[in-house]
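Chemist: Here it is, the structure in full.
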Amino acid sequence: FKNKEEAKESLLELKELARSAGLNVVDTIYQIKQKVDPKYILGIGKLKNIAIRAYQLGVDYIIFDNNLTPSQAREISKLVEIKIMDRTQLILDIFAKRAHSNEGKLKVELAQLKYLMPRLSVKDDSLSRLTGGIGGRGPGETKLEIDRRRIKDKIAFLTRKLKQIEKTRDIQRKKRTKRDIPTVSIVGYTNAGKTTLINSLTNSNIYADNLMFATLDTSSKRLRFPEEKEIIITDTVGFIRDLPEDLKDAFKSTLEELYDADLLLHVVDISNKNYEKQIESVNKILEELNLKDMDTILVFNKIDLIDDETLKERKKEYPEAVFISALNRKTFQPLLDKIFYKIFKKKLKHASS
Ligand code: GDP
Ligand code: MG
């Protein structure tokens, strides 16, 4: 890390991610360095200290916040002799645990295999775990060559299968669009309270969890409004900054339904001190998806966790936003009014012009 502030923030997020993966974090260690060591990321002395500490604590994994190149992973593995994982692997692990749909699972597996390919020679359990189904070797081929070939085949197979699934999903989506029920999609940084909000709004129980990525697959619910009007409201996966390129595809594909949305609710955890950065990350992804011109309501959530003075300031700063606590339905009226207005009044305007 370049400075202490950056280190603390980033490690806090990594810790949350690790917790989401079901890991128990016993210690966090960082080093301030203006340039990372190309071979070991950290200084070799520091790395040795970490290895010793890890042995003392009896840990199963050392997780690096930096993403490791295949050669860095190799070199560090040789030195520390404890299973190592980088940020991408950790996120992949979480995606794998949380993927429920066929498509979600295939996409995660594809991303895992792509990440695994160049790292195959690393003798590391966290990787061989991924190669679980791959074994046996033909004459004249090394184990590594066989593994590479099989993974390549598997990647091609998964890619084909995913294309098929996408086709059928397009058809299904067209059907739904034809029903002409307005759709509102909830987006936002991970842990912002999206699932909690959709639950309280619709009184349903889509799996809400204090773990990041509790929802990998998009889930839809109906929400009724006065005058016998109704909308479909959909929940999405949490956004996360610095998402690695190969993961982005898997992640974005879970957001394809956003293209059908009439309105986005961008939910922000106002109690998080990085909330501005989180808004930026979400906007950046929306931009990459060509969705930045979509009508959006900025929804500041968890107002119960900040003091009145701060709330007042934020309201002045973001006059167009609404402020709620997803845990308290009594705070929902301004949000419901705004959704109603944007969806139905705008429709009326359209119709009369
Ligand atoms: P998601 O990742 O955006 O879907 O976030 P979740 O809905 O899973 O919520 C993450 C955590 O924040 C859970 O522990 C929720 O109980 C909590 N949470 C959500 N909304 C609020 C709120 O308005 N106030 C407080 N105090 N906690 C909230
Ligand atoms: Mg969620």
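Labels used: A, B, ... for chains in the order of the structure tokens, numbers from 1 for residues in each chain, and numbers from 1 for ligands as shown.
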Quick one: residues within 6 Å of A:Ser325, only C-alpha atoms, excluding same-chain residues fewer than 6 positions away - as a count of residues only?

Modeler: 3

Chemist: As a ChimeraX atom specification, please: every residue in stretch 178-338 of chain A that a backbone DSSP assignment puts in helix (DSSP H, G or I).

Modeler: /A:178-179,194-202,245-253,256-260,275-288,303-305,308-317,329-331,333-338

Chemist: When you count only C-alpha atoms, which of these residues is closest to A:Ala326: A:Leu144, A:Ile339, A:Ser200, A:Val237?

Modeler: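 When distances to A:Ala326 are compared using only C-alpha atoms, the smallest one comes from A:Ser200.
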
Chemist: Of the candidates A:Ile343, A:Ile186, A:Ile232, A:Leu311, which one gets nearest to ligand 1 if we count only C-alpha atoms and all ligand atoms?

Modeler: A:Ile186

Chemist: Write out as a list in words which residues come within 12 Å of A:Leu11 when counting only C-alpha atoms, dropping same-chain ones fewer than 2 positions away.

Modeler: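 The residues satisfying every condition are Phe1, Lys4, Glu5, Glu6, Ala7, Lys8, Glu9, Glu13, Leu14, Lys15, Glu16, Leu17, Ala18, Val25, Asp27, Thr28, Ile29, Tyr30, Gln31, Ile63, Phe64, Asp65, Asn66 and Arg87 of chain A.
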
Chemist: When DSSP works through the backbone of this structure, what residues of stretch 199-302 of chain A end up as strand (DSSP E), shown as a PyMOL selection string?

Modeler: chain A and resi 219-225+229-235+263-269+296-301

Chemist: Give the answer as one residue: which of A:Asn290, A:Gln278, A:Gln56, A:Thr234 has the shortest atom-to-atom distance to A:Val184, using only C-alpha atoms?

Modeler: A:Thr234

Chemist: List the spatial neighbours of stretch 217-231 of chain A as a ChimeraX atom specification - criterion: any atom at most 6 Å away, only C-alpha atoms, same-chain residues fewer than 3 positions off excluded.

Modeler: /A:181-183,202,234-236

Chemist: Which residues, written as a PyMOL selection string, have at least one atom at most 10 Å from A:Leu42, with only C-alpha atoms counted and residues fewer than 5 positions away on the same chain left out?

Modeler: chain A and resi 1+30-33+35-37+47-48+76

Chemist: Would you please work out which residue, of A:Met117, A:Leu336, A:Val267, A:Val108, is nearest to ligand 2 when using only C-alpha atoms and all ligand atoms?

Modeler: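 Among the listed residues, the smallest separation from ligand 2 belongs to A:Val267.
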
Chemist: Which residues, written as a VMD selection string, have at least one atom at most 9 Å from A:Asp60, with only C-alpha atoms counted and residues fewer than 6 positions away on the same chain left out?

Modeler: chain A and resid 54 82 to 84

Chemist: Check the smallest atom-to-atom distance from each of A:Phe239, A:Phe251, A:Tyr259, A:Phe323 to ligand 2 using only C-alpha atoms and all ligand atoms, then report the winner.

Modeler: A:Phe239

Chemist: Here is a test: counting only C-alpha atoms and all ligand atoms, which residue of A:Ala321, A:Gln333, A:Ile240, A:Lys194 is nearest to ligand 1?

Modeler: A:Lys194

Chemist: Between atom CA of A:Leu335 and atom CA of A:Leu255, what is the distance in Å, rounded to a tenth?

Modeler: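 Between atom CA of A:Leu335 and atom CA of A:Leu255 the gap works out to 22.6 Å.
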
Chemist: To one decimal in Å, tell me the separation between atom 6 (P, counted along the ligand's line) of ligand 1 and atom CA of A:Lys316.

Modeler: 26.0 Å
